[in-house]
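What follows is the content of start_13.pdb (PDB, C-alpha atoms).
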ATOM      1  CA  MET R   1      86.063  66.028 120.421
ATOM      2  CA  ARG R   2      89.722  65.856 119.463
ATOM      3  CA  TRP R   3      91.400  66.227 116.080
ATOM      4  CA  PRO R   4      90.347  63.273 113.916
ATOM      5  CA  GLU R   5      92.721  60.332 114.012
ATOM      6  CA  GLN R   6      92.164  59.683 110.297
ATOM      7  CA  TRP R   7      93.963  62.897 109.286
ATOM      8  CA  PRO R   8      97.291  62.261 107.536
ATOM      9  CA  SER R   9     100.242  62.095 109.924
ATOM     10  CA  ASN R  10     102.267  64.520 107.778
ATOM     11  CA  LEU R  11      99.689  67.305 108.348
ATOM     12  CA  PHE R  12     101.358  70.112 110.281
ATOM     13  CA  VAL R  13      99.359  70.899 113.401
ATOM     14  CA  PRO R  14     101.177  72.974 116.014
ATOM     15  CA  ALA R  15     101.452  71.246 119.377
ATOM     16  CA  LEU R  16      99.476  73.948 121.172
ATOM     17  CA  VAL R  17      96.569  73.700 118.737
ATOM     18  CA  ALA R  18      96.549  69.909 118.665
ATOM     19  CA  ASP R  19      95.797  69.733 122.403
ATOM     20  CA  ILE R  20      92.873  72.157 122.317
ATOM     21  CA  GLU R  21      89.470  70.589 122.381
ATOM     22  CA  ILE R  22      86.932  72.108 120.032
ATOM     23  CA  THR R  23      84.463  72.575 122.887
ATOM     24  CA  ASP R  24      86.973  74.835 124.639
ATOM     25  CA  ILE R  25      86.508  77.543 122.017
ATOM     26  CA  ASN R  26      84.348  80.231 123.547
ATOM     27  CA  LEU R  27      82.468  82.215 120.919
ATOM     28  CA  MET R  28      81.891  85.121 123.308
ATOM     29  CA  GLU R  29      85.640  85.461 123.846
ATOM     30  CA  LEU R  30      86.156  85.418 120.085
ATOM     31  CA  LEU R  31      83.512  88.094 119.601
ATOM     32  CA  GLN R  32      85.035  90.173 122.390
ATOM     33  CA  THR R  33      88.496  89.881 120.835
ATOM     34  CA  VAL R  34      87.208  90.932 117.419
ATOM     35  CA  LEU R  35      85.322  93.926 118.848
ATOM     36  CA  ILE R  36      88.289  95.079 120.940
ATOM     37  CA  THR R  37      90.554  94.755 117.888
ATOM     38  CA  LEU R  38      88.171  96.836 115.750
ATOM     39  CA  ALA R  39      87.855  99.480 118.493
ATOM     40  CA  THR R  40      91.635  99.684 118.867
ATOM     41  CA  LEU R  41      92.069  99.983 115.116
ATOM     42  CA  ALA R  42      89.421 102.723 114.962
ATOM     43  CA  ILE R  43      91.254 104.663 117.689
ATOM     44  CA  LEU R  44      94.588 104.336 115.861
ATOM     45  CA  VAL R  45      92.999 105.431 112.562
ATOM     46  CA  THR R  46      91.404 108.431 114.276
ATOM     47  CA  ILE R  47      94.725 109.509 115.835
ATOM     48  CA  HIS R  48      96.505 109.035 112.503
ATOM     49  CA  GLU R  49      93.957 111.065 110.536
ATOM     50  CA  CYS R  50      93.889 113.761 113.241
ATOM     51  CA  GLY R  51      97.571 114.307 112.529
ATOM     52  CA  HIS R  52      96.902 115.015 108.850
ATOM     53  CA  PHE R  53      93.872 117.153 109.708
ATOM     54  CA  TRP R  54      95.590 119.251 112.376
ATOM     55  CA  VAL R  55      98.687 120.045 110.303
ATOM     56  CA  ALA R  56      96.627 120.764 107.174
ATOM     57  CA  ARG R  57      94.553 123.290 109.089
ATOM     58  CA  ARG R  58      97.683 124.884 110.611
ATOM     59  CA  CYS R  59      99.243 125.199 107.143
ATOM     60  CA  GLY R  60      96.155 126.940 105.751
ATOM     61  CA  ILE R  61      94.919 124.010 103.652
ATOM     62  CA  LYS R  62      91.153 123.707 103.376
ATOM     63  CA  VAL R  63      89.939 120.330 104.625
ATOM     64  CA  LEU R  64      86.774 119.159 102.895
ATOM     65  CA  ARG R  65      86.187 115.869 104.746
ATOM     66  CA  PHE R  66      87.533 114.001 107.768
ATOM     67  CA  SER R  67      86.364 110.400 107.702
ATOM     68  CA  VAL R  68      86.978 107.533 110.097
ATOM     69  CA  GLY R  69      85.960 104.295 108.421
ATOM     70  CA  PHE R  70      84.798 103.346 104.962
ATOM     71  CA  GLY R  71      81.458 102.488 103.468
ATOM     72  CA  LYS R  72      78.114 103.988 104.347
ATOM     73  CA  ALA R  73      78.208 107.014 106.646
ATOM     74  CA  LEU R  74      76.610 106.253 109.998
ATOM     75  CA  TYR R  75      76.931 109.785 111.352
ATOM     76  CA  ARG R  76      78.033 113.078 109.797
ATOM     77  CA  TRP R  77      78.222 116.735 110.757
ATOM     78  CA  HIS R  78      79.876 119.988 109.580
ATOM     79  CA  ASP R  79      81.983 122.510 111.472
ATOM     80  CA  LYS R  80      82.141 126.304 111.024
ATOM     81  CA  GLN R  81      84.858 126.045 108.351
ATOM     82  CA  GLY R  82      82.692 123.717 106.257
ATOM     83  CA  THR R  83      84.595 120.502 106.961
ATOM     84  CA  GLU R  84      82.387 117.424 106.869
ATOM     85  CA  PHE R  85      83.138 114.913 109.634
ATOM     86  CA  VAL R  86      82.047 111.324 108.951
ATOM     87  CA  ILE R  87      81.938 108.148 111.016
ATOM     88  CA  ALA R  88      81.472 105.277 108.571
ATOM     89  CA  ALA R  89      80.429 101.657 108.953
ATOM     90  CA  ILE R  90      83.736  99.820 108.425
ATOM     91  CA  PRO R  91      86.408 101.104 110.865
ATOM     92  CA  LEU R  92      89.369  99.700 108.940
ATOM     93  CA  GLY R  93      90.751 103.003 107.724
ATOM     94  CA  GLY R  94      89.968 106.620 107.106
ATOM     95  CA  TYR R  95      90.972 109.668 105.132
ATOM     96  CA  VAL R  96      91.263 113.439 105.132
ATOM     97  CA  LYS R  97      90.102 114.996 101.865
ATOM     98  CA  MET R  98      91.663 118.385 101.161
ATOM     99  CA  LEU R  99      90.929 121.015  98.567
ATOM    100  CA  ASP R 100      93.094 120.212  95.542
ATOM    101  CA  GLU R 101      93.030 121.276  91.891
ATOM    102  CA  ARG R 102      93.923 117.745  90.802
ATOM    103  CA  GLU R 103      90.640 116.509  92.313
ATOM    104  CA  GLY R 104      88.374 118.943  90.511
ATOM    105  CA  ASN R 105      87.639 122.592  89.839
ATOM    106  CA  VAL R 106      88.575 124.987  92.632
ATOM    107  CA  PRO R 107      86.943 128.420  92.777
ATOM    108  CA  ALA R 108      89.417 131.246  92.120
ATOM    109  CA  ASP R 109      88.865 132.754  95.575
ATOM    110  CA  GLN R 110      89.887 129.443  97.227
ATOM    111  CA  LEU R 111      93.034 128.647  95.230
ATOM    112  CA  GLN R 112      95.259 129.854  98.078
ATOM    113  CA  TYR R 113      93.811 127.089 100.305
ATOM    114  CA  ALA R 114      94.416 124.243  97.815
ATOM    115  CA  PHE R 115      96.852 121.504  98.859
ATOM    116  CA  ASN R 116      98.722 121.553  95.556
ATOM    117  CA  ARG R 117      99.320 125.337  95.832
ATOM    118  CA  GLN R 118     101.098 125.066  99.200
ATOM    119  CA  PRO R 119     104.889 125.157  99.617
ATOM    120  CA  VAL R 120     106.668 121.794  99.558
ATOM    121  CA  GLY R 121     107.380 121.977 103.298
ATOM    122  CA  ALA R 122     103.708 122.401 104.150
ATOM    123  CA  ARG R 123     102.709 119.497 101.910
ATOM    124  CA  LEU R 124     105.444 117.300 103.351
ATOM    125  CA  ALA R 125     104.446 118.155 106.931
ATOM    126  CA  THR R 126     100.783 117.429 106.186
ATOM    127  CA  VAL R 127     101.518 114.042 104.645
ATOM    128  CA  ALA R 128     103.970 113.029 107.390
ATOM    129  CA  ALA R 129     101.816 114.249 110.288
ATOM    130  CA  GLY R 130      99.651 111.136 110.564
ATOM    131  CA  HIS R 131     102.609 108.832 110.963
ATOM    132  CA  TRP R 132     104.344 111.252 113.300
ATOM    133  CA  LEU R 133     101.335 111.480 115.607
ATOM    134  CA  ILE R 134     100.978 107.682 115.783
ATOM    135  CA  SER R 135     104.691 107.332 116.543
ATOM    136  CA  PHE R 136     104.809 109.923 119.290
ATOM    137  CA  SER R 137     101.327 109.793 120.825
ATOM    138  CA  PRO R 138     102.244 107.160 123.457
ATOM    139  CA  SER R 139     105.118 109.329 124.693
ATOM    140  CA  LEU R 140     102.877 112.404 124.695
ATOM    141  CA  PHE R 141     100.292 110.620 126.835
ATOM    142  CA  THR R 142     102.996 109.252 129.138
ATOM    143  CA  GLY R 143     104.608 112.660 129.459
ATOM    144  CA  ARG R 144     101.287 114.282 130.265
ATOM    145  CA  TYR R 145     100.569 111.594 132.843
ATOM    146  CA  LEU R 146     103.967 112.062 134.481
ATOM    147  CA  LEU R 147     103.491 115.831 134.658
ATOM    148  CA  VAL R 148     100.163 115.408 136.462
ATOM    149  CA  VAL R 149     101.538 112.924 139.003
TER
END
Entire entry expressed as structure tokens:
Amino acid sequence: MRWPEQWPSNLFVPALVADIEITDINLMELLQTVLITLATLAILVTIHECGHFWVARRCGIKVLRFSVGFGKALYRWHDKQGTEFVIAAIPLGGYVKMLDEREGNVPADQLQYAFNRQPVGARLATVAAGHWLISFSPSLFTGRYLLVV
């Protein structure tokens, strides 16, 4: 089946799309493309959030939650420092929740670990770390590969 002849002639249809027959659309290929896109996005989000997480821990900031995805938690666990790790249903983003007085009450014995109590340099490094890791991770992987070979 081709595009209907009764459509107005001034309707913009790109030349490549106009020649595609509707039966040529393979739903399995579409599903595969969507799943690969979501998996790639989830990997990028994880790398990005790992940057924030890693630098926050190195700067002495207490991390309360590391989440990849939004929505209902599909899987969760805690580490020895009390950080909750979450894999959620919708892999379109993520976040790292840190201890912060602006978010709620912080016990007096934990004030030194609060994000807002850290020096400006530590806060700046923590915020910038996610973008930095995404920017430089391909070169890190390439460099590691070249060192092995």
I'd like to know which of R:Glu49, R:Pro91, R:Arg65, R:Ile43 is closest to R:Asp79, using all atoms listed in the file.
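Ranked by minimum distance to R:Asp79, first place goes to R:Arg65.
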Among listed residues R:Arg76, R:Lys97, R:His52, R:Arg57, nearest R:Leu124 (using only C-alpha atoms):
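Among R:Arg76, R:Lys97, R:His52, R:Arg57, it is R:His52 that comes nearest to R:Leu124.
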Which residues, written as a count of residues only, have at least one atom at most 8 Å from R:Gly51, with all atoms listed in the file counted and residues fewer than 5 positions away on the same chain left out?
6
Interatomic distance (Å, one decimal) between atom CA of R:Val127 and atom CA of R:Glu101:
16.9 Å
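Atom pair atom CA of R:Tyr113 / atom CA of R:Ile134: separated by 25.8 Å.
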